[in-house]
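Enquirer: Shown below is the structure under consideration.
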Amino acid sequence: MKIAQFCNQQPTLLLEKYFQDKTWAWGIFTDRFGNLKRSFQVTIDGSMDNNQLLLDEQFLYDNGETQNRIWQITLLGNGHYRGTADDIVGQAEGKAVGNALNWQYHMLLPIQNRVWKVYFNDWLFLQSEQVLINKARVSKWGITLGEVSLFFSKQAP
């Protein structure tokens, strides 16, 4: 997909608008063969500080494990975003057009007592003011390891 193909799609996705205040998400990770490997829930607290969106993400996995990630996303203008978090290598780069955002980054991902540096090609699609869908392909050395699917809601569960 090319981000430009979404230029006429509505509603317009602005991360800084959608993620203000509380957001809830439910997700799954499937391996490259389509097998469900993990499911999780996320509670996100979002706030703006000047031109920076802060996202405090609290993950709860199906095995009871928890994780916290804090994103610091800088608004660069014209739909461009740059983000950092503790487990992101370098910076995430993204561009929003119409109702979509394509976000790409390397992440340090713990897998079976090791930490792998993996690549995320992340797509977000705003469906309404309340619902956002996220699909990400996870790869290493160009080989797809699996996919993450997330569904975000502004409504409390």
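In the structure tokens, chains take the letters A, B, ... in the order shown, each chain's residues start at 1, and ligands count up from 1 in the order shown.
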At a cut-off of 7 Å, can you tabulate as CSV every residue of segment 99-149 of chain A near segment 12-36 of chain A together with its closest atom pair and the distance in Å to one decimal, using only C-alpha atoms and ordering rows by chain then number?

Expert:
residue,atom,partner,partner_atom,distance
A:Asn99,CA,A:Thr12,CA,4.5
A:Ala100,CA,A:Leu13,CA,6.2
A:Leu126,CA,A:Leu13,CA,5.9
A:Thr144,CA,A:Arg32,CA,6.2
A:Leu145,CA,A:Arg32,CA,5.3
A:Gly146,CA,A:Asp31,CA,4.0
A:Glu147,CA,A:Thr30,CA,5.4
A:Val148,CA,A:Phe29,CA,4.5
A:Ser149,CA,A:Gly27,CA,5.4

Enquirer: Just the residues within 12 Å of Phe151 of chain A, please, counting only C-alpha atoms, with nothing from its chain fewer than 4 positions along; format it as a PyMOL selection string.

Expert: chain A and resi 23-28+39-43+123-127+130-136+155

Enquirer: How far is it from atom CA of Asp56 of chain A to atom CA of Ser153 of chain A, in Å with one decimal?

Expert: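 Taking atom CA of Asp56 of chain A and atom CA of Ser153 of chain A, their separation equals 15.5 Å.
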
Enquirer: Of the residues A:Tyr81, A:Gln67, A:Ala4, A:Leu54, which is the one nearest to Pro110 of chain A, using only C-alpha atoms?

Expert: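 Answer, going by the shortest atom-to-atom distance: A:Gln67.
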
Enquirer: DSSP says helix (DSSP H, G or I) for which residues of chain A? Put them as a list in words?

Expert: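 Answer for chain A, restricted to helix (DSSP H, G or I): Ile3, Ala4, Gln5, Phe6, Leu15, Glu16, Lys17 and Tyr18 of chain A.
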
Enquirer: Nearest to Gly79 of chain A among A:Leu60, A:Tyr119, A:Gln112, A:Ile3, with distances taken over only C-alpha atoms: which residue is it?

Expert: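 That would be A:Ile3, the residue with the smallest distance to Gly79 of chain A.
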
Enquirer: Just the residues within 9 Å of Trp116 of chain A, please, counting only C-alpha atoms, with nothing from its chain fewer than 3 positions along; format it as a CSV table (one decimal) with N, CA and C atoms, in the first residue's frame.

Expert:
chain,number,residue,atom,x,y,z
A,107,MET,N,12.0,-2.3,16.8
A,107,MET,CA,11.7,-2.5,18.2
A,107,MET,C,12.5,-3.7,18.8
A,108,LEU,N,12.9,-3.5,20.1
A,108,LEU,CA,13.5,-4.6,20.8
A,108,LEU,C,12.4,-5.5,21.4
A,109,LEU,N,12.3,-6.7,21.0
A,109,LEU,CA,11.2,-7.6,21.4
A,109,LEU,C,11.7,-8.8,22.1
A,110,PRO,N,11.4,-9.0,23.4
A,110,PRO,CA,11.8,-10.2,24.1
A,110,PRO,C,11.1,-11.4,23.5
A,111,ILE,N,11.9,-12.4,23.1
A,111,ILE,CA,11.3,-13.7,22.6
A,111,ILE,C,12.1,-14.8,23.2
A,140,LYS,N,12.0,-9.7,10.5
A,140,LYS,CA,13.5,-9.6,10.8
A,140,LYS,C,14.2,-10.1,9.6

Enquirer: Within 12 Å of Leu76 of chain A, counting only C-alpha atoms, which residues show up once you throw out same-chain ones fewer than 5 positions away? Write them as a PDB file with N, CA and C atoms, in the first residue's frame, please.

Expert:
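The resulting file, result-v9.pdb, is reproduced below:
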ATOM      1  N   LEU A  15      -3.421  11.778  15.060  1.00  0.00           N
ATOM      2  CA  LEU A  15      -3.066  11.039  16.274  1.00  0.00           C
ATOM      3  C   LEU A  15      -3.294  11.872  17.527  1.00  0.00           C
ATOM      4  N   GLU A  16      -2.906  13.137  17.454  1.00  0.00           N
ATOM      5  CA  GLU A  16      -3.010  14.017  18.620  1.00  0.00           C
ATOM      6  C   GLU A  16      -4.455  14.258  19.045  1.00  0.00           C
ATOM      7  N   ASN A  50       2.987  20.729  24.492  1.00  0.00           N
ATOM      8  CA  ASN A  50       3.439  21.521  23.345  1.00  0.00           C
ATOM      9  C   ASN A  50       3.134  20.750  22.064  1.00  0.00           C
ATOM     10  N   ASN A  51       4.133  20.427  21.250  1.00  0.00           N
ATOM     11  CA  ASN A  51       3.873  19.691  20.004  1.00  0.00           C
ATOM     12  C   ASN A  51       4.214  18.205  20.146  1.00  0.00           C
ATOM     13  N   GLN A  52       4.117  17.699  21.373  1.00  0.00           N
ATOM     14  CA  GLN A  52       4.455  16.301  21.615  1.00  0.00           C
ATOM     15  C   GLN A  52       3.268  15.561  22.243  1.00  0.00           C
ATOM     16  N   LEU A  53       2.910  14.450  21.620  1.00  0.00           N
ATOM     17  CA  LEU A  53       1.865  13.570  22.125  1.00  0.00           C
ATOM     18  C   LEU A  53       2.529  12.515  23.000  1.00  0.00           C
ATOM     19  N   TYR A  81       4.973  12.440  11.652  1.00  0.00           N
ATOM     20  CA  TYR A  81       5.191  12.183  13.074  1.00  0.00           C
ATOM     21  C   TYR A  81       6.527  11.479  13.266  1.00  0.00           C
ATOM     22  N   ARG A  82       7.138  11.714  14.431  1.00  0.00           N
ATOM     23  CA  ARG A  82       8.359  11.006  14.812  1.00  0.00           C
ATOM     24  C   ARG A  82       8.182  10.602  16.271  1.00  0.00           C
ATOM     25  N   GLY A  83       8.492   9.342  16.583  1.00  0.00           N
ATOM     26  CA  GLY A  83       8.256   8.880  17.942  1.00  0.00           C
ATOM     27  C   GLY A  83       9.413   8.093  18.521  1.00  0.00           C
ATOM     28  N   GLU A  93       9.107   6.608  12.441  1.00  0.00           N
ATOM     29  CA  GLU A  93       8.733   7.652  11.492  1.00  0.00           C
ATOM     30  C   GLU A  93       7.375   7.305  10.911  1.00  0.00           C
ATOM     31  N   GLY A  94       6.493   8.319  10.839  1.00  0.00           N
ATOM     32  CA  GLY A  94       5.173   8.046  10.307  1.00  0.00           C
ATOM     33  C   GLY A  94       4.602   9.213   9.546  1.00  0.00           C
ATOM     34  N   LYS A  95       3.637   8.875   8.677  1.00  0.00           N
ATOM     35  CA  LYS A  95       2.931   9.902   7.919  1.00  0.00           C
ATOM     36  C   LYS A  95       1.464   9.524   7.858  1.00  0.00           C
ATOM     37  N   ALA A  96       0.604  10.519   8.137  1.00  0.00           N
ATOM     38  CA  ALA A  96      -0.840  10.331   8.059  1.00  0.00           C
ATOM     39  C   ALA A  96      -1.376  11.068   6.837  1.00  0.00           C
TER      40      ALA A  96
END

Enquirer: Between atom CA of Glu65 of chain A and atom CA of Arg38 of chain A, what is the spacing in Å?

Expert: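 Separation of atom CA of Arg38 of chain A and atom CA of Glu65 of chain A: 11.0 Å.
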